[in-house]
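Source file: my_file.pdb; contents: PDB, C-alpha atoms.
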```
ATOM      1  CA  MET N  16      32.337  18.453   0.895
ATOM      2  CA  GLN N  17      34.781  17.551   3.608
ATOM      3  CA  LEU N  18      36.527  14.217   3.973
ATOM      4  CA  ARG N  19      34.616  13.526   7.189
ATOM      5  CA  ASP N  20      31.293  13.997   5.381
ATOM      6  CA  LYS N  21      32.405  11.624   2.627
ATOM      7  CA  GLN N  22      33.353   8.987   5.186
ATOM      8  CA  ARG N  23      30.023   9.364   6.927
ATOM      9  CA  ILE N  24      28.133   9.066   3.653
ATOM     10  CA  ALA N  25      30.135   5.952   2.716
ATOM     11  CA  ILE N  26      29.493   4.219   6.039
ATOM     12  CA  LEU N  27      25.809   5.157   6.189
ATOM     13  CA  SER N  28      25.305   4.073   2.565
ATOM     14  CA  ALA N  29      26.880   0.717   3.349
ATOM     15  CA  TYR N  30      24.486   0.220   6.271
ATOM     16  CA  ALA N  31      21.489   1.300   4.189
ATOM     17  CA  LEU N  32      22.550  -0.976   1.334
ATOM     18  CA  ALA N  33      22.901  -3.956   3.676
ATOM     19  CA  LEU N  34      19.440  -3.347   5.161
ATOM     20  CA  HIS N  35      17.916  -2.870   1.708
ATOM     21  CA  GLY N  36      19.506  -6.101   0.465
ATOM     22  CA  PHE N  37      18.476  -8.002   3.582
ATOM     23  CA  GLU N  38      14.916  -6.784   3.193
ATOM     24  CA  SER N  39      14.703  -7.892  -0.420
ATOM     25  CA  LEU N  40      15.657 -11.414   0.695
ATOM     26  CA  LEU N  41      12.790 -11.614   3.187
ATOM     27  CA  PRO N  42       9.791 -13.476   1.831
ATOM     28  CA  THR N  43       6.676 -11.322   2.020
ATOM     29  CA  PRO N  44       3.110 -12.606   1.939
ATOM     30  CA  ILE N  45       2.058  -9.739  -0.368
ATOM     31  CA  PRO N  46       4.382  -8.414  -3.085
ATOM     32  CA  TRP N  47       3.983  -4.738  -2.171
ATOM     33  CA  LEU N  48       4.514  -5.241   1.549
ATOM     34  CA  ARG N  49       7.900  -3.851   2.483
ATOM     35  CA  LEU N  50       9.384  -2.891   5.807
ATOM     36  CA  GLY N  51      11.431   0.092   4.611
ATOM     37  CA  LEU N  52      14.294  -0.719   6.964
ATOM     38  CA  ALA N  53      16.713   1.370   4.897
ATOM     39  CA  ASN N  54      14.650   4.405   5.838
ATOM     40  CA  ILE N  55      16.051   4.056   9.361
ATOM     41  CA  ILE N  56      19.486   4.979   8.027
ATOM     42  CA  THR N  57      18.083   7.855   5.942
ATOM     43  CA  LEU N  58      16.348   9.239   9.010
ATOM     44  CA  VAL N  59      19.415   8.903  11.230
ATOM     45  CA  ALA N  60      21.533  10.601   8.550
ATOM     46  CA  LEU N  61      18.982  13.391   8.198
ATOM     47  CA  ILE N  62      18.662  14.157  11.891
ATOM     48  CA  LEU N  63      22.317  13.770  12.861
ATOM     49  CA  TYR N  64      24.116  15.044   9.746
ATOM     50  CA  GLY N  65      21.592  17.052   7.718
ATOM     51  CA  PHE N  66      19.663  16.911   4.472
ATOM     52  CA  ARG N  67      22.576  16.673   2.002
ATOM     53  CA  THR N  68      24.012  13.596   3.692
ATOM     54  CA  ALA N  69      20.587  11.938   3.812
ATOM     55  CA  LEU N  70      19.958  12.675   0.127
ATOM     56  CA  MET N  71      23.347  11.298  -0.917
ATOM     57  CA  VAL N  72      22.858   8.164   1.183
ATOM     58  CA  THR N  73      19.421   7.566  -0.360
ATOM     59  CA  LEU N  74      20.663   8.031  -3.925
ATOM     60  CA  ILE N  75      23.678   5.762  -3.433
ATOM     61  CA  ARG N  76      21.550   3.126  -1.722
ATOM     62  CA  VAL N  77      18.830   3.083  -4.382
ATOM     63  CA  VAL N  78      21.225   2.903  -7.340
ATOM     64  CA  LEU N  79      23.648   0.356  -5.870
ATOM     65  CA  ALA N  80      20.918  -1.861  -4.412
ATOM     66  CA  SER N  81      19.152  -2.044  -7.768
ATOM     67  CA  ILE N  82      22.424  -2.967  -9.469
ATOM     68  CA  PHE N  83      23.077  -5.724  -6.919
ATOM     69  CA  ILE N  84      19.521  -7.063  -6.967
ATOM     70  CA  GLY N  85      19.317  -6.777 -10.756
ATOM     71  CA  THR N  86      16.474  -4.301 -11.174
ATOM     72  CA  PHE N  87      18.540  -1.327 -12.367
ATOM     73  CA  LEU N  88      16.482   0.962 -14.680
ATOM     74  CA  GLY N  89      13.526  -1.431 -14.480
ATOM     75  CA  PRO N  90      10.090  -0.579 -13.084
ATOM     76  CA  ALA N  91      11.121  -1.599  -9.571
ATOM     77  CA  PHE N  92      14.078   0.794  -9.784
ATOM     78  CA  ILE N  93      11.852   3.694 -10.860
ATOM     79  CA  LEU N  94       9.411   3.018  -8.019
ATOM     80  CA  SER N  95      12.221   2.605  -5.520
ATOM     81  CA  THR N  96      13.985   5.814  -6.610
ATOM     82  CA  GLY N  97      10.768   7.844  -6.671
ATOM     83  CA  GLY N  98       9.734   6.615  -3.258
ATOM     84  CA  GLY N  99      13.168   7.147  -1.736
ATOM     85  CA  LEU N 100      13.547  10.693  -3.100
ATOM     86  CA  ALA N 101       9.998  11.727  -2.145
ATOM     87  CA  SER N 102      10.511  10.426   1.361
ATOM     88  CA  VAL N 103      13.874  12.130   1.907
ATOM     89  CA  PHE N 104      12.596  15.475   0.561
ATOM     90  CA  ALA N 105       9.413  15.266   2.644
ATOM     91  CA  MET N 106      11.338  14.389   5.792
ATOM     92  CA  GLY N 107      13.888  17.140   5.145
ATOM     93  CA  LEU N 108      11.148  19.740   4.660
ATOM     94  CA  ALA N 109       9.172  18.531   7.676
ATOM     95  CA  LEU N 110      12.268  18.677   9.862
ATOM     96  CA  LYS N 111      13.038  22.211   8.699
ATOM     97  CA  ALA N 112       9.475  23.562   8.834
ATOM     98  CA  PHE N 113       8.098  21.815  11.930
ATOM     99  CA  LYS N 114      11.203  21.157  13.952
ATOM    100  CA  ASN N 115       9.476  21.584  17.301
ATOM    101  CA  LEU N 116       6.220  19.973  16.257
ATOM    102  CA  PHE N 117       7.288  16.488  15.213
ATOM    103  CA  GLY N 118       9.694  14.112  16.892
ATOM    104  CA  THR N 119      11.706  11.389  15.153
ATOM    105  CA  VAL N 120       8.666   9.108  15.021
ATOM    106  CA  GLY N 121       6.529  11.792  13.361
ATOM    107  CA  ILE N 122       9.208  12.529  10.768
ATOM    108  CA  SER N 123       9.466   8.818  10.032
ATOM    109  CA  LEU N 124       5.692   8.647   9.526
ATOM    110  CA  ILE N 125       5.837  11.580   7.106
ATOM    111  CA  GLY N 126       8.636   9.852   5.212
ATOM    112  CA  ALA N 127       6.683   6.597   4.980
ATOM    113  CA  LEU N 128       3.552   8.442   3.849
ATOM    114  CA  PHE N 129       5.314  10.323   1.045
ATOM    115  CA  HIS N 130       7.237   7.217   0.019
ATOM    116  CA  ASN N 131       3.953   5.398  -0.502
ATOM    117  CA  LEU N 132       2.195   8.334  -2.155
ATOM    118  CA  ALA N 133       5.039   8.735  -4.632
ATOM    119  CA  GLN N 134       5.109   5.022  -5.427
ATOM    120  CA  LEU N 135       1.358   4.866  -5.902
ATOM    121  CA  SER N 136       1.344   7.870  -8.250
ATOM    122  CA  LEU N 137       4.311   6.534 -10.221
ATOM    123  CA  ALA N 138       2.685   3.114 -10.452
ATOM    124  CA  TYR N 139      -0.501   4.743 -11.700
ATOM    125  CA  TYR N 140       1.092   7.034 -14.289
ATOM    126  CA  LEU N 141       3.702   4.617 -15.607
ATOM    127  CA  PHE N 142       2.436   1.075 -15.198
ATOM    128  CA  ILE N 143      -1.102   0.366 -14.113
ATOM    129  CA  GLN N 144      -3.293   3.249 -15.338
ATOM    130  CA  ARG N 145      -6.406   1.898 -13.696
ATOM    131  CA  ILE N 146      -7.566   4.280 -11.024
ATOM    132  CA  GLU N 147      -9.860   1.727  -9.332
ATOM    133  CA  ALA N 148      -6.969  -0.656  -8.773
ATOM    134  CA  ILE N 149      -4.909   2.127  -7.196
ATOM    135  CA  LEU N 150      -7.820   3.328  -5.058
ATOM    136  CA  ILE N 151      -8.492  -0.152  -3.731
ATOM    137  CA  ILE N 152      -4.863  -0.840  -2.903
ATOM    138  CA  SER N 153      -3.990   2.627  -1.482
ATOM    139  CA  PRO N 154      -5.653   2.326   1.939
ATOM    140  CA  PHE N 155      -3.916  -0.986   2.619
ATOM    141  CA  ILE N 156      -0.552   0.432   1.582
ATOM    142  CA  LEU N 157      -1.078   3.545   3.718
ATOM    143  CA  LEU N 158      -2.097   1.420   6.717
ATOM    144  CA  ILE N 159       0.911  -0.887   6.483
ATOM    145  CA  GLY N 160       3.134   2.134   5.741
ATOM    146  CA  SER N 161       1.970   3.894   8.902
ATOM    147  CA  LEU N 162       2.682   0.823  11.021
ATOM    148  CA  THR N 163       6.157   0.243   9.555
ATOM    149  CA  GLY N 164       6.762   4.009   9.701
ATOM    150  CA  ILE N 165       6.074   4.016  13.446
ATOM    151  CA  ALA N 166       8.305   0.976  14.007
ATOM    152  CA  ASN N 167      11.161   2.475  11.958
ATOM    153  CA  GLY N 168      10.735   5.806  13.739
ATOM    154  CA  ILE N 169      11.081   4.159  17.149
ATOM    155  CA  ILE N 170      14.164   2.225  16.046
ATOM    156  CA  SER N 171      15.708   5.404  14.571
ATOM    157  CA  ASP N 172      15.002   7.360  17.739
ATOM    158  CA  ILE N 173      16.699   4.742  19.920
ATOM    159  CA  LEU N 174      19.639   4.609  17.502
ATOM    160  CA  ILE N 175      20.020   8.405  17.449
ATOM    161  CA  LYS N 176      19.859   8.670  21.251
ATOM    162  CA  ASN N 177      22.484   5.957  21.706
ATOM    163  CA  LEU N 178      24.781   7.525  19.108
ATOM    164  CA  LEU N 179      24.491  10.936  20.794
ATOM    165  CA  LYS N 180      25.119   9.378  24.213
ATOM    166  CA  LYS N 181      28.258   7.650  22.943
ATOM    167  CA  ASP N 182      29.440  10.937  21.430
ATOM    168  CA  ARG N 183      28.904  12.775  24.689
ATOM    169  CA  GLU N 184      30.759  10.100  26.676
ATOM    170  CA  LYS N 185      33.666  10.344  24.273
ATOM    171  CA  ILE N 186      33.839  14.113  24.678
ATOM    172  CA  GLN N 187      33.674  13.806  28.453
ATOM    173  CA  ASN N 188      36.498  11.281  28.453
ATOM    174  CA  VAL N 189      38.611  13.623  26.398
ATOM    175  CA  VAL N 190      37.873  16.512  28.753
ATOM    176  CA  HIS N 191      38.632  14.476  31.871
ATOM    177  CA  SER N 192      41.889  12.949  30.703
TER     178      SER N 192
ATOM    179  CA  MET X  12      11.637   1.786  23.603
ATOM    180  CA  LYS X  13       9.151   2.794  26.323
ATOM    181  CA  GLU X  14      10.997   6.045  26.740
ATOM    182  CA  THR X  15      10.824   6.742  23.010
ATOM    183  CA  ILE X  16       7.086   6.114  22.916
ATOM    184  CA  LYS X  17       6.605   8.338  25.955
ATOM    185  CA  ASN X  18       8.679  11.081  24.324
ATOM    186  CA  THR X  19       6.628  11.294  21.145
ATOM    187  CA  THR X  20       5.059  14.702  20.636
ATOM    188  CA  LEU X  21       1.351  15.400  20.401
ATOM    189  CA  ALA X  22       1.744  16.063  16.657
ATOM    190  CA  ASP X  23       3.374  12.635  16.231
ATOM    191  CA  ARG X  24       0.440  10.908  17.886
ATOM    192  CA  LEU X  25      -2.184  12.939  16.045
ATOM    193  CA  LEU X  26      -0.493  12.226  12.719
ATOM    194  CA  PHE X  27      -0.418   8.504  13.501
ATOM    195  CA  LEU X  28      -4.081   8.432  14.533
ATOM    196  CA  PHE X  29      -5.043  10.468  11.463
ATOM    197  CA  LEU X  30      -3.193   8.155   9.060
ATOM    198  CA  ILE X  31      -4.526   4.984  10.659
ATOM    199  CA  SER X  32      -8.138   6.182  10.687
ATOM    200  CA  LEU X  33      -7.828   7.565   7.158
ATOM    201  CA  SER X  34      -6.560   4.276   5.785
ATOM    202  CA  ILE X  35      -9.107   2.157   7.662
ATOM    203  CA  ALA X  36     -11.905   4.438   6.461
ATOM    204  CA  GLY X  37     -10.404   4.209   2.975
ATOM    205  CA  ILE X  38     -10.585   0.420   3.037
ATOM    206  CA  PHE X  39     -14.322   0.537   3.759
ATOM    207  CA  ILE X  40     -15.033   3.390   1.337
ATOM    208  CA  SER X  41     -13.219   1.701  -1.538
ATOM    209  CA  ARG X  42     -15.061  -1.548  -0.816
ATOM    210  CA  GLU X  43     -18.372   0.309  -0.850
ATOM    211  CA  ALA X  44     -17.463   2.103  -4.075
ATOM    212  CA  LEU X  45     -16.508  -1.199  -5.653
ATOM    213  CA  SER X  46     -19.829  -2.822  -4.776
ATOM    214  CA  GLN X  47     -21.556   0.165  -6.400
ATOM    215  CA  GLU X  48     -19.872  -0.815  -9.602
ATOM    216  CA  SER X  49     -20.855  -4.458  -9.380
ATOM    217  CA  GLU X  50     -22.828  -5.899 -12.207
ATOM    218  CA  VAL X  51     -25.057  -8.867 -12.728
ATOM    219  CA  VAL X  52     -24.354 -10.713 -15.949
ATOM    220  CA  ILE X  53     -26.979 -13.210 -17.032
ATOM    221  CA  GLU X  54     -25.808 -15.784 -19.540
ATOM    222  CA  ILE X  55     -28.254 -17.936 -21.447
ATOM    223  CA  ASP X  56     -26.907 -20.957 -23.314
ATOM    224  CA  GLY X  57     -23.341 -19.745 -22.774
ATOM    225  CA  LYS X  58     -23.914 -16.289 -24.266
ATOM    226  CA  PRO X  59     -24.185 -13.122 -22.178
ATOM    227  CA  ALA X  60     -27.779 -11.972 -22.584
ATOM    228  CA  TYR X  61     -28.225  -9.244 -19.950
ATOM    229  CA  THR X  62     -25.898  -6.968 -17.994
ATOM    230  CA  LEU X  63     -27.652  -5.224 -15.120
ATOM    231  CA  PRO X  64     -26.374  -2.984 -12.308
ATOM    232  CA  LEU X  65     -26.494  -4.680  -8.894
ATOM    233  CA  PHE X  66     -27.697  -1.612  -7.000
ATOM    234  CA  ALA X  67     -30.930  -1.144  -8.948
ATOM    235  CA  ASP X  68     -33.760  -3.328  -7.703
ATOM    236  CA  ARG X  69     -35.709  -5.158 -10.384
ATOM    237  CA  GLN X  70     -37.184  -8.447 -11.455
ATOM    238  CA  LEU X  71     -36.492 -10.173 -14.713
ATOM    239  CA  SER X  72     -38.081 -13.123 -16.407
ATOM    240  CA  VAL X  73     -35.858 -15.271 -18.619
ATOM    241  CA  ALA X  74     -37.136 -17.966 -20.953
ATOM    242  CA  GLY X  75     -35.497 -21.405 -21.027
ATOM    243  CA  PRO X  76     -36.227 -25.040 -21.906
ATOM    244  CA  TYR X  77     -38.224 -25.470 -18.678
ATOM    245  CA  GLY X  78     -40.254 -22.297 -19.008
ATOM    246  CA  ASN X  79     -39.658 -18.876 -17.538
ATOM    247  CA  THR X  80     -37.201 -18.296 -14.714
ATOM    248  CA  LEU X  81     -37.798 -15.318 -12.469
ATOM    249  CA  ILE X  82     -34.625 -13.520 -11.331
ATOM    250  CA  GLU X  83     -34.844 -10.882  -8.596
ATOM    251  CA  ILE X  84     -32.276  -8.149  -7.818
ATOM    252  CA  LYS X  85     -32.873  -6.409  -4.502
ATOM    253  CA  GLY X  86     -30.647  -4.633  -1.980
ATOM    254  CA  LYS X  87     -27.379  -5.405  -3.858
ATOM    255  CA  LYS X  88     -28.219  -9.094  -3.890
ATOM    256  CA  VAL X  89     -29.500 -11.491  -6.522
ATOM    257  CA  ARG X  90     -31.572 -14.639  -6.320
ATOM    258  CA  VAL X  91     -33.582 -16.900  -8.543
ATOM    259  CA  LYS X  92     -37.079 -16.378  -7.192
ATOM    260  CA  GLU X  93     -38.881 -18.932  -9.245
ATOM    261  CA  ALA X  94     -37.813 -21.666 -11.664
ATOM    262  CA  HIS X  95     -39.553 -24.639 -13.137
ATOM    263  CA  CYS X  96     -36.535 -26.903 -13.360
ATOM    264  CA  PRO X  97     -36.765 -30.319 -11.626
ATOM    265  CA  ASN X  98     -34.042 -29.981  -8.973
ATOM    266  CA  GLN X  99     -34.549 -26.306  -7.936
ATOM    267  CA  ILE X 100     -30.849 -25.931  -7.013
ATOM    268  CA  CYS X 101     -30.791 -22.353  -8.288
ATOM    269  CA  VAL X 102     -33.738 -21.347  -6.099
ATOM    270  CA  LYS X 103     -32.238 -23.053  -3.023
ATOM    271  CA  GLU X 104     -28.994 -21.125  -3.454
ATOM    272  CA  GLY X 105     -30.877 -18.042  -2.258
ATOM    273  CA  TRP X 106     -29.496 -14.481  -2.207
ATOM    274  CA  ILE X 107     -25.930 -13.872  -3.352
ATOM    275  CA  SER X 108     -23.963 -10.623  -3.554
ATOM    276  CA  LYS X 109     -20.891 -12.137  -5.195
ATOM    277  CA  GLY X 110     -20.287 -15.296  -7.170
ATOM    278  CA  VAL X 111     -22.375 -17.394  -9.500
ATOM    279  CA  ILE X 112     -25.799 -19.040  -9.612
ATOM    280  CA  VAL X 113     -26.117 -21.805 -12.176
ATOM    281  CA  CYS X 114     -29.253 -23.464 -13.426
ATOM    282  CA  LEU X 115     -28.115 -26.276 -15.695
ATOM    283  CA  PRO X 116     -31.528 -27.471 -16.927
ATOM    284  CA  ASN X 117     -32.396 -23.944 -18.046
ATOM    285  CA  LYS X 118     -28.855 -23.332 -19.396
ATOM    286  CA  LEU X 119     -28.763 -20.203 -17.257
ATOM    287  CA  VAL X 120     -25.742 -18.687 -15.487
ATOM    288  CA  ILE X 121     -25.961 -15.583 -13.293
ATOM    289  CA  ILE X 122     -22.599 -13.980 -12.500
ATOM    290  CA  VAL X 123     -22.200 -11.209  -9.931
ATOM    291  CA  GLY X 124     -18.917  -9.319  -9.806
ATOM    292  CA  GLY X 125     -17.102  -6.029 -10.345
ATOM    293  CA  SER X 126     -17.368  -4.489 -13.765
ATOM    294  CA  ASN X 127     -14.542  -5.724 -15.934
ATOM    295  CA  LYS X 128     -15.018  -3.742 -19.093
ATOM    296  CA  ASP X 129     -11.480  -2.446 -19.378
ATOM    297  CA  GLN X 130      -9.512  -5.204 -17.770
ATOM    298  CA  HIS X 131      -6.302  -6.134 -19.468
ATOM    299  CA  PRO X 132      -4.307  -9.063 -18.172
ATOM    300  CA  GLY X 133      -0.617  -8.850 -17.406
ATOM    301  CA  VAL X 134       1.789  -8.099 -14.615
ATOM    302  CA  ASP X 135       0.714  -5.117 -12.534
ATOM    303  CA  ALA X 136       3.981  -4.112 -10.904
ATOM    304  CA  VAL X 137       6.919  -5.494  -9.025
ATOM    305  CA  THR X 138       8.714  -3.369  -6.435
ATOM    306  CA  GLY X 139      12.227  -3.781  -5.204
TER     307      GLY X 139
END
```

Could I get this file's structure written as structure tokens?
Amino acid sequence: MQLRDKQRIAILSAYALALHGFESLLPTPIPWLRLGLANIITLVALILYGFRTALMVTLIRVVLASIFIGTFLGPAFILSTGGGLASVFAMGLALKAFKNLFGTVGISLIGALFHNLAQLSLAYYLFIQRIEAILIISPFILLIGSLTGIANGIISDILIKNLLKKDREKIQNVVHS
Amino acid sequence: MKETIKNTTLADRLLFLFLISLSIAGIFISREALSQESEVVIEIDGKPAYTLPLFADRQLSVAGPYGNTLIEIKGKKVRVKEAHCPNQICVKEGWISKGVIVCLPNKLVIIVGGSNKDQHPGVDAVTG
């Protein structure tokens, strides 16, 4: 891994960590309602810098955030790690397999979907073990996940376009001077 | 933002529509499935005497201090059809699909709710 990659991972992880921490401070009307803002950074990392960077950023974010919030190795940490890993692997695969089919928003939706599916299965196998409870709650989680997935996808897309534009301007300035 | 929405691919939009319709359908299906599981519990003098499924229509006569009370289950709803208590509050309550009908003079309580055979209390889960 090159120094530039390490710097990128460090900066992106810091952003993701800040968003994750900010989100955990927000009061939510329902305990399982989360915005998944940190997924914006994962998605940007994935599309601009590739799967390895995105995976590293997710792992660093999940572990450090749980240490800061105080849930390290607890149930919340297991759910958070499972969801984060499932979403980054699903998005990485989707980007590789259907590159021309889905845009940033579609990839974000896939990430949100797999994040929720992984969390629901983990919650079922490890903690709740009542299939009716999971079946009742799943549609609501999938609905909210799709809406936040769309919103995060749009934000990521705007962010990626602006970053690429800035890059291009920089290159042009170098060429012109 | 407008540009981003305009630039979404067909697959993006189809996926979104599919997920939204799937989850909305899921909400209704799970609600329907839950009501299939609902049970009517009839308690006499504080003790559960009968447990009946809500989806099977039937009539039941229960004895009490004021004579027999006729309970009717029909179309996933329950009512007290006939009672010989003085105030007739239970009869006036009419059809219910969820909740409780109480007839104090007859010491009769009818509870309608999801089956709770294997419920265990405790924290479900906390995410972070």

Residues within 9 Å of segment 75-91 of chain X, please, as a PyMOL selection string. Count all atoms listed in the file; anything in the same chain fewer than 3 positions from it doesn't count.
chain X and resi 46-47+49+51+55-56+64-72+94-97+101-109+112+116-119+121+123

If the PyMOL selection byres ((chain X and resi 26) around 12) is run on the structure shown, which residues does it catch, given as a PDB file with C-alpha atoms, in the coordinates of the input?
```
ATOM      1  CA  LEU N 116       6.220  19.973  16.257  1.00  0.00           C
ATOM      2  CA  PHE N 117       7.288  16.488  15.213  1.00  0.00           C
ATOM      3  CA  GLY N 118       9.694  14.112  16.892  1.00  0.00           C
ATOM      4  CA  VAL N 120       8.666   9.108  15.021  1.00  0.00           C
ATOM      5  CA  GLY N 121       6.529  11.792  13.361  1.00  0.00           C
ATOM      6  CA  ILE N 122       9.208  12.529  10.768  1.00  0.00           C
ATOM      7  CA  SER N 123       9.466   8.818  10.032  1.00  0.00           C
ATOM      8  CA  LEU N 124       5.692   8.647   9.526  1.00  0.00           C
ATOM      9  CA  ILE N 125       5.837  11.580   7.106  1.00  0.00           C
ATOM     10  CA  ALA N 127       6.683   6.597   4.980  1.00  0.00           C
ATOM     11  CA  LEU N 128       3.552   8.442   3.849  1.00  0.00           C
ATOM     12  CA  SER N 161       1.970   3.894   8.902  1.00  0.00           C
ATOM     13  CA  LEU N 162       2.682   0.823  11.021  1.00  0.00           C
ATOM     14  CA  GLY N 164       6.762   4.009   9.701  1.00  0.00           C
ATOM     15  CA  ILE N 165       6.074   4.016  13.446  1.00  0.00           C
TER      16      ILE N 165
ATOM     17  CA  THR X  19       6.628  11.294  21.145  1.00  0.00           C
ATOM     18  CA  THR X  20       5.059  14.702  20.636  1.00  0.00           C
ATOM     19  CA  LEU X  21       1.351  15.400  20.401  1.00  0.00           C
ATOM     20  CA  ALA X  22       1.744  16.063  16.657  1.00  0.00           C
ATOM     21  CA  ASP X  23       3.374  12.635  16.231  1.00  0.00           C
ATOM     22  CA  ARG X  24       0.440  10.908  17.886  1.00  0.00           C
ATOM     23  CA  LEU X  25      -2.184  12.939  16.045  1.00  0.00           C
ATOM     24  CA  PHE X  27      -0.418   8.504  13.501  1.00  0.00           C
ATOM     25  CA  LEU X  28      -4.081   8.432  14.533  1.00  0.00           C
ATOM     26  CA  PHE X  29      -5.043  10.468  11.463  1.00  0.00           C
ATOM     27  CA  LEU X  30      -3.193   8.155   9.060  1.00  0.00           C
ATOM     28  CA  ILE X  31      -4.526   4.984  10.659  1.00  0.00           C
ATOM     29  CA  SER X  32      -8.138   6.182  10.687  1.00  0.00           C
ATOM     30  CA  LEU X  33      -7.828   7.565   7.158  1.00  0.00           C
TER      31      LEU X  33
END
```

Please enumerate the residues selected by the PyMOL selection byres ((chain N) within 7 of (chain X)) when evaluated against the supplied file, formatted as a VMD selection string.
chain N and resid 39 47 91 to 92 94 to 95 116 to 118 120 to 121 142 to 143 150 to 151 154 to 155 157 to 158 161 169 172 to 173

Would you output that residue set with C-alpha atoms, as a PDB file, keeping the file's coordinate frame?
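Saved result, result_1.pdb, follows:
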```
ATOM      1  CA  SER N  39      14.703  -7.892  -0.420  1.00  0.00           C
ATOM      2  CA  TRP N  47       3.983  -4.738  -2.171  1.00  0.00           C
ATOM      3  CA  ALA N  91      11.121  -1.599  -9.571  1.00  0.00           C
ATOM      4  CA  PHE N  92      14.078   0.794  -9.784  1.00  0.00           C
ATOM      5  CA  LEU N  94       9.411   3.018  -8.019  1.00  0.00           C
ATOM      6  CA  SER N  95      12.221   2.605  -5.520  1.00  0.00           C
ATOM      7  CA  LEU N 116       6.220  19.973  16.257  1.00  0.00           C
ATOM      8  CA  PHE N 117       7.288  16.488  15.213  1.00  0.00           C
ATOM      9  CA  GLY N 118       9.694  14.112  16.892  1.00  0.00           C
ATOM     10  CA  VAL N 120       8.666   9.108  15.021  1.00  0.00           C
ATOM     11  CA  GLY N 121       6.529  11.792  13.361  1.00  0.00           C
ATOM     12  CA  PHE N 142       2.436   1.075 -15.198  1.00  0.00           C
ATOM     13  CA  ILE N 143      -1.102   0.366 -14.113  1.00  0.00           C
ATOM     14  CA  LEU N 150      -7.820   3.328  -5.058  1.00  0.00           C
ATOM     15  CA  ILE N 151      -8.492  -0.152  -3.731  1.00  0.00           C
ATOM     16  CA  PRO N 154      -5.653   2.326   1.939  1.00  0.00           C
ATOM     17  CA  PHE N 155      -3.916  -0.986   2.619  1.00  0.00           C
ATOM     18  CA  LEU N 157      -1.078   3.545   3.718  1.00  0.00           C
ATOM     19  CA  LEU N 158      -2.097   1.420   6.717  1.00  0.00           C
ATOM     20  CA  SER N 161       1.970   3.894   8.902  1.00  0.00           C
ATOM     21  CA  ILE N 169      11.081   4.159  17.149  1.00  0.00           C
ATOM     22  CA  ASP N 172      15.002   7.360  17.739  1.00  0.00           C
ATOM     23  CA  ILE N 173      16.699   4.742  19.920  1.00  0.00           C
TER      24      ILE N 173
END
```

Which residue out of N:Asn131, N:Glu147, N:Leu41, N:Thr68 has the minimum interatomic distance to Gln17 of chain N when only C-alpha atoms are used?
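Comparing N:Asn131, N:Glu147, N:Leu41, N:Thr68 against Gln17 of chain N, the winner is N:Thr68.
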
State, in Å with one decimal place, the distance from atom CA of Ser102 of chain N to atom CA of Ala166 of chain N.
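Distance reported for this atom pair: 15.9 Å.
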
From the set N:Ile186, N:Ile152, N:Leu79, N:Ala53, which residue has the shortest atom-to-atom contact distance to Ala138 of chain N, counting all atoms listed in the file?
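Counting all atoms listed in the file, the residue closest to Ala138 of chain N is N:Ile152.
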
Pull out every residue that the PyMOL selection byres ((chain N and resi 28) around 12) matches in the shown coordinates and put them as a ChimeraX atom specification.
/N:20-27,29-36,53-57,59-60,68-80

In Å to one decimal, how far is atom CA of Leu58 of chain N from atom CA of Glu184 of chain N?
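Separation of atom CA of Glu184 of chain N and atom CA of Leu58 of chain N: 22.8 Å.
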
Under the rule that only C-alpha atoms are counted, which of X:Gln99, X:Lys17, X:Glu43, X:Glu54 is the nearest residue to Ile122 of chain X?
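Nearest candidate to Ile122 of chain X out of X:Gln99, X:Lys17, X:Glu43, X:Glu54: X:Glu54.
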
Atom completion result for segment 141-149 of chain N (N, CA and C atoms) as a compact mmCIF listing (two decimals), in the frame of the given file:
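Output contents, as saved in out_28.txt:
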```txt
# COMPACT_ATOMS: atom_id res chain seq x y z
N LEU N 141 2.78 5.33 -14.72
CA LEU N 141 3.70 4.62 -15.61
C LEU N 141 3.26 3.20 -15.94
N PHE N 142 2.61 2.51 -14.98
CA PHE N 142 2.44 1.08 -15.20
C PHE N 142 0.99 0.59 -15.21
N ILE N 143 0.19 1.04 -14.27
CA ILE N 143 -1.10 0.37 -14.11
C ILE N 143 -2.21 1.10 -14.86
N GLN N 144 -2.31 2.42 -14.64
CA GLN N 144 -3.29 3.25 -15.34
C GLN N 144 -4.73 2.79 -15.14
N ARG N 145 -5.01 2.20 -14.02
CA ARG N 145 -6.41 1.90 -13.70
C ARG N 145 -6.66 2.47 -12.32
N ILE N 146 -7.43 3.55 -12.27
CA ILE N 146 -7.57 4.28 -11.02
C ILE N 146 -8.26 3.43 -9.96
N GLU N 147 -9.18 2.54 -10.37
CA GLU N 147 -9.86 1.73 -9.33
C GLU N 147 -8.85 0.84 -8.61
N ALA N 148 -7.94 0.24 -9.39
CA ALA N 148 -6.97 -0.66 -8.77
C ALA N 148 -6.13 0.10 -7.75
N ILE N 149 -5.72 1.33 -8.11
CA ILE N 149 -4.91 2.13 -7.20
C ILE N 149 -5.73 2.51 -5.96
```
